[in-house]
Structure formats: structure tokens, C-alpha cells
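File shown: run-v6.txt. Contents: compact mmCIF, C-alpha atoms and all ligand atoms.
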# COMPACT_ATOMS: atom_id res chain seq x y z
CA MET A 1 33.63 -6.08 39.77
CA SER A 2 30.26 -5.39 41.37
CA GLU A 3 28.07 -7.82 43.30
CA LEU A 4 25.32 -7.34 40.71
CA PHE A 5 27.52 -8.42 37.87
CA THR A 6 28.10 -11.83 39.39
CA THR A 7 24.49 -12.58 40.44
CA THR A 8 22.60 -11.33 37.38
CA ARG A 9 21.93 -14.05 34.80
CA MET A 10 19.92 -12.87 31.79
CA ARG A 11 19.72 -16.40 30.48
CA ARG A 12 17.53 -17.57 33.40
CA LEU A 13 14.39 -16.31 31.68
CA ARG A 14 15.32 -17.89 28.35
CA ARG A 15 15.84 -21.36 29.76
CA VAL A 16 12.59 -23.12 28.82
CA SER A 17 9.97 -22.51 26.19
CA ILE A 18 7.07 -22.21 28.65
CA LEU A 19 8.83 -19.31 30.30
CA ARG A 20 9.77 -17.72 26.98
CA ASP A 21 6.18 -18.00 25.79
CA MET A 22 4.88 -16.57 29.07
CA LEU A 23 7.04 -13.49 28.68
CA ALA A 24 6.53 -12.84 24.95
CA GLN A 25 5.03 -9.37 24.61
CA VAL A 26 4.72 -9.21 20.85
CA THR A 27 2.16 -11.54 19.31
CA LEU A 28 0.80 -12.39 15.87
CA ALA A 29 -2.76 -13.46 15.10
CA PRO A 30 -4.56 -14.10 11.78
CA ALA A 31 -6.59 -10.91 12.29
CA HIS A 32 -3.40 -8.86 12.02
CA PHE A 33 -2.91 -9.55 8.30
CA VAL A 34 -4.39 -8.03 5.15
CA ALA A 35 -3.94 -9.71 1.76
CA PRO A 36 -3.54 -7.45 -1.30
CA LEU A 37 -5.22 -8.71 -4.48
CA PHE A 38 -4.84 -7.53 -8.10
CA VAL A 39 -7.99 -7.67 -10.18
CA ARG A 40 -8.51 -7.03 -13.88
CA SER A 41 -11.54 -7.23 -16.18
CA GLY A 42 -12.26 -10.49 -17.97
CA GLN A 43 -13.12 -14.07 -17.21
CA ALA A 44 -11.11 -17.00 -15.93
CA ILE A 45 -7.88 -14.99 -15.79
CA ARG A 46 -5.23 -16.11 -13.32
CA ARG A 47 -2.01 -14.57 -14.63
CA PRO A 48 1.14 -15.06 -12.54
CA ILE A 49 3.13 -11.95 -11.61
CA LEU A 50 6.70 -12.97 -12.38
CA SER A 51 8.51 -10.72 -9.91
CA MET A 52 6.09 -11.71 -7.12
CA PRO A 53 6.03 -15.52 -7.02
CA GLY A 54 2.69 -16.80 -5.72
CA GLN A 55 0.80 -13.59 -6.65
CA PHE A 56 -1.60 -13.30 -9.58
CA GLN A 57 -3.68 -10.88 -11.59
CA LEU A 58 -7.20 -12.25 -11.26
CA SER A 59 -10.42 -11.60 -13.12
CA PRO A 60 -13.35 -10.92 -10.76
CA ASP A 61 -14.69 -14.50 -11.01
CA MET A 62 -11.27 -15.91 -10.07
CA ALA A 63 -10.84 -13.30 -7.35
CA LEU A 64 -14.10 -14.51 -5.83
CA GLU A 65 -12.76 -18.08 -5.78
CA GLU A 66 -9.55 -16.85 -4.17
CA LEU A 67 -11.49 -14.88 -1.55
CA SER A 68 -13.73 -17.83 -0.64
CA ASP A 69 -10.62 -19.92 -0.24
CA MET A 70 -8.91 -17.26 1.89
CA ALA A 71 -11.99 -16.82 4.10
CA ALA A 72 -12.12 -20.57 4.66
CA ARG A 73 -8.46 -20.55 5.70
CA GLY A 74 -9.00 -17.78 8.24
CA ILE A 75 -7.77 -14.66 6.43
CA LYS A 76 -9.81 -11.73 7.66
CA ALA A 77 -9.20 -8.84 5.27
CA TYR A 78 -8.19 -8.03 1.70
CA LEU A 79 -7.07 -4.94 -0.18
CA LEU A 80 -8.05 -4.61 -3.85
CA PHE A 81 -5.98 -3.05 -6.62
CA GLY A 82 -7.37 -2.56 -10.12
CA VAL A 83 -5.25 -3.48 -13.14
CA VAL A 84 -6.47 -1.68 -16.23
CA ASP A 85 -6.21 -2.61 -19.92
CA ALA A 86 -4.22 -0.03 -21.92
CA GLU A 87 -7.24 0.86 -24.05
CA ASP A 88 -9.22 1.79 -20.92
CA LYS A 89 -6.59 4.27 -19.71
CA ASP A 90 -6.84 8.02 -20.33
CA ALA A 91 -5.36 11.30 -19.05
CA THR A 92 -7.72 11.59 -16.07
CA GLY A 93 -8.16 7.91 -15.22
CA SER A 94 -11.89 7.92 -15.92
CA HIS A 95 -12.15 4.11 -15.91
CA ALA A 96 -11.80 4.37 -12.13
CA HIS A 97 -15.33 5.82 -12.17
CA ASP A 98 -16.87 3.01 -14.20
CA PRO A 99 -19.12 1.10 -11.79
CA ASP A 100 -18.46 -2.05 -13.84
CA ASN A 101 -14.67 -1.92 -13.55
CA ALA A 102 -12.83 -4.88 -12.02
CA VAL A 103 -12.62 -3.45 -8.49
CA CYS A 104 -16.34 -2.62 -8.24
CA THR A 105 -17.34 -5.92 -9.85
CA THR A 106 -15.20 -7.90 -7.42
CA LEU A 107 -16.60 -6.00 -4.43
CA ARG A 108 -20.17 -6.75 -5.53
CA LEU A 109 -19.40 -10.43 -6.20
CA ALA A 110 -17.84 -10.76 -2.74
CA ARG A 111 -20.75 -9.03 -1.05
CA ASP A 112 -23.35 -11.07 -2.92
CA ALA A 113 -21.50 -14.28 -2.06
CA GLY A 114 -21.42 -13.27 1.61
CA ILE A 115 -17.63 -13.42 1.89
CA ASN A 116 -16.97 -12.79 5.56
CA MET A 117 -13.87 -10.63 5.19
CA LEU A 118 -13.16 -6.94 5.56
CA ALA A 119 -13.10 -5.37 2.07
CA MET A 120 -10.55 -2.61 1.56
CA THR A 121 -9.73 -0.79 -1.66
CA ASP A 122 -6.69 1.18 -2.76
CA LEU A 123 -7.77 4.61 -3.96
CA CYS A 124 -5.41 5.95 -6.60
CA TYR A 125 -5.25 6.76 -10.29
CA CYS A 126 -1.82 5.50 -11.36
CA GLU A 127 -3.35 2.23 -12.58
CA TYR A 128 -6.00 4.14 -14.54
CA THR A 129 -4.10 7.01 -16.20
CA SER A 130 -2.34 6.73 -19.55
CA HIS A 131 0.68 8.61 -18.12
CA GLY A 132 0.85 6.41 -15.01
CA HIS A 133 0.81 9.25 -12.48
CA CYS A 134 -1.50 9.24 -9.48
CA GLY A 135 -4.06 11.72 -10.85
CA PRO A 136 -4.76 14.14 -13.70
CA LEU A 137 -1.82 16.40 -14.56
CA THR A 138 -1.43 20.15 -14.31
CA GLN A 139 -0.14 20.06 -17.90
CA THR A 140 -1.57 17.79 -20.54
CA PRO A 141 1.00 15.79 -22.57
CA GLU A 142 -0.11 17.68 -25.71
CA LYS A 143 0.59 21.05 -24.10
CA MET A 144 4.00 19.76 -23.02
CA ALA A 145 4.89 18.69 -26.54
CA ARG A 146 3.96 22.10 -27.91
CA ARG A 147 6.07 23.90 -25.28
CA LYS A 148 9.03 21.61 -25.92
CA SER A 149 9.11 22.24 -29.65
CA SER A 150 9.18 26.01 -29.18
CA ARG A 151 11.68 25.99 -26.33
CA PHE A 152 14.84 26.85 -28.24
CA ASN A 153 13.80 30.14 -29.79
CA THR A 154 12.44 31.87 -26.69
CA SER A 155 13.94 34.48 -24.37
CA PRO A 156 15.67 33.36 -21.14
CA VAL A 157 12.53 34.24 -19.17
CA ARG A 158 10.32 32.23 -21.47
CA ARG A 159 12.83 29.43 -21.35
CA ALA A 160 12.60 29.28 -17.56
CA THR A 161 8.83 29.01 -17.83
CA ALA A 162 9.17 26.33 -20.47
CA ALA A 163 11.59 24.40 -18.27
CA SER A 164 9.06 24.21 -15.46
CA ALA A 165 6.44 23.19 -17.99
CA ASP A 166 8.67 20.20 -18.79
CA HIS A 167 7.88 18.94 -15.32
CA PRO A 168 4.13 18.65 -15.14
CA THR A 169 2.88 17.15 -11.96
CA VAL A 170 -0.32 15.75 -10.56
CA ASP A 171 -3.04 18.38 -10.15
CA ASN A 172 -3.70 18.03 -6.42
CA ASP A 173 -7.13 19.60 -6.16
CA ALA A 174 -8.54 18.05 -9.32
CA THR A 175 -7.33 14.67 -8.04
CA ILE A 176 -8.90 14.91 -4.60
CA ALA A 177 -12.24 15.90 -6.14
CA GLN A 178 -12.07 12.71 -8.24
CA LEU A 179 -10.96 10.63 -5.25
CA GLY A 180 -14.21 11.47 -3.49
CA MET A 181 -16.14 10.03 -6.44
CA GLN A 182 -14.02 6.89 -6.54
CA ALA A 183 -14.46 6.37 -2.81
CA VAL A 184 -18.26 6.64 -3.03
CA LEU A 185 -18.30 4.16 -5.91
CA HIS A 186 -16.28 1.65 -3.89
CA ALA A 187 -18.45 2.15 -0.81
CA LYS A 188 -21.58 1.58 -2.89
CA ALA A 189 -20.13 -1.63 -4.29
CA GLY A 190 -19.36 -2.93 -0.80
CA ALA A 191 -16.01 -1.59 0.40
CA ASP A 192 -15.77 -1.40 4.20
CA MET A 193 -12.69 0.76 4.05
CA VAL A 194 -10.96 2.92 1.43
CA ALA A 195 -7.24 3.57 1.41
CA PRO A 196 -6.03 6.66 -0.48
CA SER A 197 -2.46 6.00 -1.63
CA GLY A 198 -1.67 8.95 -3.88
CA MET A 199 -0.13 11.30 -1.28
CA MET A 200 -2.36 14.21 -2.36
CA ASP A 201 -2.79 16.99 0.19
CA HIS A 202 -6.24 17.12 1.81
CA ALA A 203 -7.31 13.87 0.16
CA VAL A 204 -8.66 12.48 3.44
CA ALA A 205 -10.89 15.51 4.08
CA ALA A 206 -12.25 15.41 0.52
CA ILE A 207 -12.95 11.67 0.71
CA ARG A 208 -14.62 11.94 4.13
CA ALA A 209 -16.87 14.75 2.89
CA ALA A 210 -17.81 12.86 -0.28
CA LEU A 211 -18.56 9.64 1.62
CA ASP A 212 -20.65 11.40 4.25
CA SER A 213 -22.71 13.39 1.80
CA ALA A 214 -23.47 10.16 -0.10
CA GLY A 215 -24.66 8.48 3.10
CA HIS A 216 -21.56 6.35 3.70
CA GLN A 217 -20.75 7.56 7.22
CA GLU A 218 -19.78 4.01 8.22
CA THR A 219 -17.13 3.55 5.54
CA SER A 220 -13.74 4.06 7.15
CA ILE A 221 -10.58 5.64 5.79
CA LEU A 222 -7.16 4.05 6.13
CA SER A 223 -4.79 6.75 4.92
CA TYR A 224 -1.47 5.93 3.31
CA ALA A 225 -0.40 8.96 5.36
CA VAL A 226 3.32 8.22 5.29
CA LYS A 227 4.40 6.89 1.93
CA TYR A 228 7.93 7.29 0.64
CA ALA A 229 9.09 7.48 -2.98
CA SER A 230 10.67 4.05 -2.88
CA GLY A 231 12.57 1.66 -5.08
CA PHE A 232 10.80 -1.15 -3.24
CA TYR A 233 7.62 -0.59 -5.28
CA GLY A 234 9.31 -2.00 -8.39
CA PRO A 235 7.52 -5.35 -8.68
CA PHE A 236 4.15 -3.72 -7.89
CA ARG A 237 4.44 -1.57 -10.97
CA GLU A 238 4.76 -4.74 -13.05
CA ALA A 239 1.86 -6.30 -11.15
CA ALA A 240 -0.43 -3.29 -11.55
CA GLU A 241 0.94 -2.22 -14.95
CA SER A 242 1.26 1.27 -13.52
CA PRO A 243 4.81 2.65 -13.96
CA PRO A 244 4.93 6.42 -14.58
CA GLN A 245 5.46 7.02 -18.31
CA PHE A 246 7.74 10.02 -17.61
CA GLY A 247 9.51 11.29 -14.50
CA ASP A 248 8.87 9.71 -11.11
CA ARG A 249 6.69 10.19 -8.04
CA ARG A 250 9.09 12.29 -5.98
CA GLY A 251 6.95 15.38 -6.51
CA TYR A 252 4.26 13.89 -4.28
CA GLN A 253 5.62 10.87 -2.40
CA MET A 254 7.95 11.49 0.55
CA ASP A 255 11.74 11.90 0.48
CA PHE A 256 13.51 9.26 2.58
CA ARG A 257 16.27 11.72 3.43
CA ARG A 258 13.91 13.59 5.77
CA ASP A 259 13.60 12.36 9.35
CA SER A 260 10.57 11.15 11.27
CA ARG A 261 9.26 14.63 12.06
CA GLU A 262 7.87 15.05 8.56
CA ALA A 263 6.24 11.63 8.84
CA VAL A 264 4.61 12.52 12.15
CA ARG A 265 3.32 15.77 10.67
CA GLU A 266 1.81 13.95 7.67
CA ALA A 267 0.09 11.45 9.96
CA LEU A 268 -1.27 14.07 12.36
CA LEU A 269 -2.67 16.12 9.47
CA ASP A 270 -4.51 13.09 8.11
CA VAL A 271 -5.92 12.25 11.53
CA ARG A 272 -7.17 15.81 11.86
CA GLU A 273 -8.81 15.49 8.42
CA GLY A 274 -10.67 12.42 9.58
CA ALA A 275 -8.48 9.39 8.87
CA ASP A 276 -9.66 6.48 11.03
CA MET A 277 -6.27 4.83 10.70
CA VAL A 278 -2.92 5.69 9.18
CA MET A 279 -0.28 3.63 7.45
CA VAL A 280 3.48 3.70 6.97
CA LYS A 281 4.94 2.36 3.73
CA PRO A 282 7.29 0.64 2.87
CA GLY A 283 7.95 -1.44 5.98
CA MET A 284 11.37 -2.98 6.51
CA ALA A 285 13.51 0.09 5.80
CA TYR A 286 11.15 2.36 7.77
CA LEU A 287 10.81 0.76 11.21
CA ASP A 288 12.05 3.96 12.86
CA ILE A 289 9.32 5.91 11.07
CA LEU A 290 6.70 3.32 12.02
CA SER A 291 7.74 3.56 15.65
CA ALA A 292 7.64 7.36 15.72
CA VAL A 293 4.32 7.62 13.88
CA SER A 294 2.51 4.93 15.85
CA GLN A 295 3.49 6.65 19.10
CA ALA A 296 2.48 10.09 17.86
CA VAL A 297 -1.05 9.31 16.70
CA ASP A 298 -4.10 8.29 18.71
CA VAL A 299 -5.49 6.07 15.92
CA PRO A 300 -4.32 2.59 14.89
CA CYS A 301 -1.22 2.62 12.69
CA ALA A 302 -0.66 -0.01 10.01
CA VAL A 303 2.36 -0.93 7.93
CA TYR A 304 2.62 -2.12 4.33
CA GLN A 305 5.29 -4.70 3.52
CA VAL A 306 5.57 -3.79 -0.15
CA SER A 307 6.21 -5.74 -3.32
CA GLY A 308 10.01 -5.32 -3.35
CA GLU A 309 10.28 -6.59 0.21
CA TYR A 310 8.17 -9.62 -0.68
CA ALA A 311 10.28 -10.25 -3.79
CA MET A 312 13.52 -10.18 -1.77
CA PHE A 313 12.27 -12.72 0.77
CA LYS A 314 10.94 -14.93 -2.02
CA ALA A 315 14.18 -14.77 -4.02
CA ALA A 316 16.42 -15.53 -1.05
CA ALA A 317 14.13 -18.36 0.06
CA HIS A 318 14.02 -19.78 -3.47
CA ALA A 319 17.81 -19.80 -3.59
CA GLY A 320 17.86 -21.66 -0.27
CA TRP A 321 19.72 -18.79 1.44
CA ILE A 322 17.22 -18.09 4.21
CA ASP A 323 14.56 -20.03 6.08
CA GLU A 324 11.49 -18.31 4.63
CA LYS A 325 9.02 -19.01 7.41
CA GLN A 326 11.43 -18.10 10.18
CA CYS A 327 12.58 -14.86 8.54
CA VAL A 328 9.12 -13.70 7.47
CA LEU A 329 7.65 -14.30 10.93
CA GLU A 330 10.62 -12.51 12.50
CA MET A 331 9.93 -9.54 10.20
CA MET A 332 6.25 -9.55 11.20
CA HIS A 333 7.15 -9.49 14.88
CA ALA A 334 9.43 -6.52 14.16
CA PHE A 335 6.52 -4.63 12.53
CA ARG A 336 4.27 -5.34 15.50
CA ARG A 337 7.04 -4.46 17.99
CA ALA A 338 7.56 -1.14 16.20
CA GLY A 339 3.87 -0.35 16.69
CA ALA A 340 1.90 -1.78 13.77
CA ALA A 341 -1.69 -2.66 14.65
CA PHE A 342 -1.88 -4.73 11.48
CA ILE A 343 0.21 -5.55 8.44
CA ILE A 344 -0.63 -5.47 4.75
CA THR A 345 1.50 -8.16 3.15
CA TYR A 346 1.58 -10.47 0.14
CA TYR A 347 2.58 -13.13 2.66
CA ALA A 348 -0.82 -12.91 4.45
CA SER A 349 -2.04 -16.31 3.26
CA GLU A 350 1.18 -18.10 4.06
CA ILE A 351 1.49 -16.43 7.46
CA VAL A 352 -2.04 -17.39 8.50
CA GLU A 353 -1.22 -20.95 7.41
CA TRP A 354 2.03 -20.92 9.42
CA LEU A 355 0.26 -19.55 12.50
CA ARG A 356 -2.25 -22.39 12.33
CA GLN A 357 0.40 -25.12 12.24
C1 LIG B 401 -0.50 3.25 -5.93
C2 LIG B 401 0.22 2.27 -5.09
C3 LIG B 401 1.54 1.79 -5.20
C4 LIG B 401 1.68 0.82 -4.21
C5 LIG B 401 0.50 0.78 -3.50
N1 LIG B 401 -0.37 1.70 -4.04
C6 LIG B 401 2.58 2.07 -6.20
C7 LIG B 401 3.27 3.36 -6.23
O1 LIG B 401 3.00 4.26 -5.44
O2 LIG B 401 4.08 3.49 -7.13
C8 LIG B 401 2.89 -0.03 -3.98
C9 LIG B 401 2.62 -1.34 -3.32
C10 LIG B 401 3.72 -2.32 -3.40
O3 LIG B 401 4.84 -2.06 -3.92
O4 LIG B 401 3.50 -3.45 -2.96
N2 LIG B 401 -0.14 4.56 -5.82

Write the structure described by the file as C-alpha cells, please.
Amino acid sequence: MSELFTTTRMRRLRRVSILRDMLAQVTLAPAHFVAPLFVRSGQAIRRPILSMPGQFQLSPDMALEELSDMAARGIKAYLLFGVVDAEDKDATGSHAHDPDNAVCTTLRLARDAGINMLAMTDLCYCEYTSHGHCGPLTQTPEKMARRKSSRFNTSPVRRATAASADHPTVDNDATIAQLGMQAVLHAKAGADMVAPSGMMDHAVAAIRAALDSAGHQETSILSYAVKYASGFYGPFREAAESPPQFGDRRGYQMDFRRDSREAVREALLDVREGADMVMVKPGMAYLDILSAVSQAVDVPCAVYQVSGEYAMFKAAAHAGWIDEKQCVLEMMHAFRRAGAAFIITYYASEIVEWLRQ
């Protein structure tokens, strides 16, 4: 047995809390947290989201109340999601371009009230389209129905074509053209930062160009650069009323069976296109990806603790199986240790409260 083995005592530095605090390298501060908020048109609406205890769909007036309250409690940033009434949805998601929709209205209310928080918006179309996909489709549902009904009396070649027509997908280039419009609308209404979440190729470049040519050079882009097709988005789709009406999102969101090299490539491409920051999503199951991406890019890298992660913590805490505060704060340290500059989480309010105590 070596000399070293007998003299080394790892526990010496863990002995007292002053020493432990002195040596802590990973820290949490209120400024590290962004609170997502779901807004829908109407008045005095505060509808609980059942699978996300403590989260609500809010009408713009109620969202303003919530934001004033958050600002007073020291929360520094919010991320808006629009929830859209079924009758306002269509094949292209045109309600996203209505300057009086819930997101734009909330942004204006917050700006006019002088809410001192960073305003971020999610840029996507899944909440706005009747089919629930993240942009207009390459095939309209009507075209699909026609193809389907004639499928059985065609030649093998025609059948192969028809089979691919059964799998329409989001029209990438039509979607990014629209995203530019949506971004400008949000910037005009007061967004400090837009966050494209649809995983469309070249979305960042299109949004940057649209913002700049409309005079919004100061509006920044936080790209959901690395977003996996994940089961952990389940509760969100209830919250945002945005589940895909057919198929899934695996044709555009990432495949979790690929390793971190694809993630790094996605992030680097977005940085080259002009992303000011990138994000990895979901969080807990993707710490390896977060670590690789944050080290590979020379811009800040964020992480999104998504709805399913929140729901799991809430459920286990509700059952009395875990200490909620201890486990959530441990998770947040893990995100920061893996390289997250900041964290988007439904726990933002509670965390800021816990940090103050
Ligand atoms: C929109 C979007 C989603 C989430 C954020 N933006 C849903 C999805 O991609 O299906 C998920 C957020 C969460 O689960 O908390 N594209």
C-alpha cells in the first residue's frame, strides 16, 4: 500500500460548510432562469394545466398580472407560447401572423406596463396549424385523401408514389419564409429575443434576414438548435393544445439514437447562420449532449427542462417520494455543471423563491 493512500483524505475538504461553500464551482442565481408562459385570447382566463400542476393557460390580462408578480419576485425572463382556439387554426397557421393574437397582445401589454423582464417568444406553427405540425405541409390533407382513395387500383410504381404521399411533411422553405414574418411581428410587439423551435433547416438565417431588413437588428435569436423528438413533450402538447393530428415529428426533430456529433453539427450550423445563443432540449436525459454542445460552440448554450420532466418531479413530490426542492435544485446544478448558461424551466418561480430563502 502506497504512502499516498494513507495520507490522502478526501473528506478533509467536506468537513465544514464554510469550506464546502468556498469550493463550490457551480452556482445558481435568479438570472439563470426563464419562465415559460402559455397565453390564449380572451379575458380573465386562468385555466390550470392538469398534467403540469402549478401551470396555467392565461389570457393576456392575466398574463400581465402574472408577469408583474414574477418581476416583483425577482424573475428576470419569460418565454411566451401561444395557445390557439380550434376555430383560429388553419393549414398554414395564419393566426400566428395576426398582430392581435395572444402572444403579440401580451408582449404589448408587458411593454406598455414597463415590465422589467426579458421577453422571449417561441417561434413555431404547431400551436397554430389545424394538423398540429410545425409549419405548412408539402401535401395538403385534401390531396392526401384523394391519393389514398385511388391507391388500390394503381400500378406498383404509382403505388410507391402514393405511399410516400401518405407521409406528408412540413414544407421547410415555406415554413422558414413564414417564420421571418412571425419573428418581425413579435419584435414589433416588444420581444427582446425570438426562439425558433421547429427544427427547420436554415430557419435562423431566414429569421435574421427578416429581422434585419425590418430594422430589428437588436432582436436576438435563441435557436432551439438541438431538439430531439421526445416523449417528454407529452404534457406540453396538452398545455399548448398542439399534438400532431397524424404521424409524429420525427421527420424534423432529432433522433435520440444518434450521438453528440449530430448535435454539435446542428449547433455549429445555427451559429454560422447567426444564432446568438443555442439551446439543447430536453434536459435531464441529454446532459451528455448539453456538455458536448456547450463546449463546441462559442456562444452561450441554454437548456430546456421540458414539460414531462417537470411533471415527473411534481408527481413524485406530490406522492411524497422525493424532496422536491432538494431534487430540483440538484437537477439545476447538473444543468449548469454540464454547461448551461441558463435554464428554461416551469420551476423558475419556485427556484427563484427557494434561492431567496
Ligand atoms: C413547439 C414546442 C414544443 C415544445 C416547445 N416548443 C412541442 C413540440 O415540439 O412538440 C415542448 C416544450 C415542453 O415540453 O415543455 N414546437

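Using all atoms listed in the file, the shortest contact distance between Asp276 (chain A) and any of A:Leu222, A:Gln253, A:Ser294, A:Ser242 is found at A:Leu222.
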
### Query
Which residues sit within 10 Å of ligand LIG 401 (chain B), counting all atoms listed in the file, listed as a PyMOL selection string?
chain A and resi 36+52+80-82+121-127+132-135+195-199+224+227-244+248-249+252-253+281-282+304-311+344-346

### Task
Have a look at CA of Ala206 (chain A) and CA of Arg261 (chain A) and let me know their distance in Å, one decimal.
24.4 Å

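One distance worth recording is that between CA of Leu287 (chain A) and CA of Ala317 (chain A), which is 22.4 Å.
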
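In this comparison, which uses all atoms listed in the file, the residue of A:Lys76, A:His186, A:His131, A:His202 approaching Thr169 (chain A) most closely is A:His131.
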
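Nearest-residue note for Val278 (chain A): choosing from A:Cys301, A:Val194, A:Ala44, A:Ala113, the minimum distance belongs to A:Cys301, counting all atoms listed in the file.
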
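Pairwise distance (CA of Val293 (chain A), CA of Val264 (chain A)) equals 5.2 Å.
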
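For the residues A:Asp173, A:Glu66, A:Glu330, A:Glu87, ranking by smallest atom-to-atom distance to Ala35 (chain A) using all atoms listed in the file places A:Glu66 first.
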
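For the set A:Val103, A:Ser223, A:Val170, A:Gly114, the residue with the smallest atom-to-atom gap to Ala189 (chain A) is A:Val103, counting all atoms listed in the file.
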
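Excluding Ala183 (chain A) itself and any same-chain residue fewer than 2 positions from it, the protein and nucleic acid residues within 8 Å of it, counting all atoms listed in the file, are Leu123, Leu179, Gly180, Met181, Leu185, His186, Ala187, Val194, Ile207, Ala210 and Leu211 of chain A.
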
### Non-local contacts of Gln25 (chain A) (12 Å; all atoms listed in the file; under 3 positions in same chain excluded) as a ChimeraX atom specification
/A:20-22,28,333-334,336-337

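Distances to Asn116 (chain A) were evaluated for A:Gly42, A:Asp192, A:Asp61, A:Asp85 using all atoms listed in the file, and the minimum falls at A:Asp192.
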
### Task
Taking the point (-0.2, 17.6, -1.9) as given in the file, collect each protein or nucleic acid residue that comes within 6 Å of it, counting all atoms listed in the file, and present the set as a PyMOL selection string.
chain A and resi 172+200-201

### Message
Can you tell me which residues surround Asp171 (chain A) at a distance of at most 7 Å, considering all atoms listed in the file, apart from same-chain residues fewer than 4 positions away, and format the answer as number ranges by chain?
### Response
A: 135-138, 175
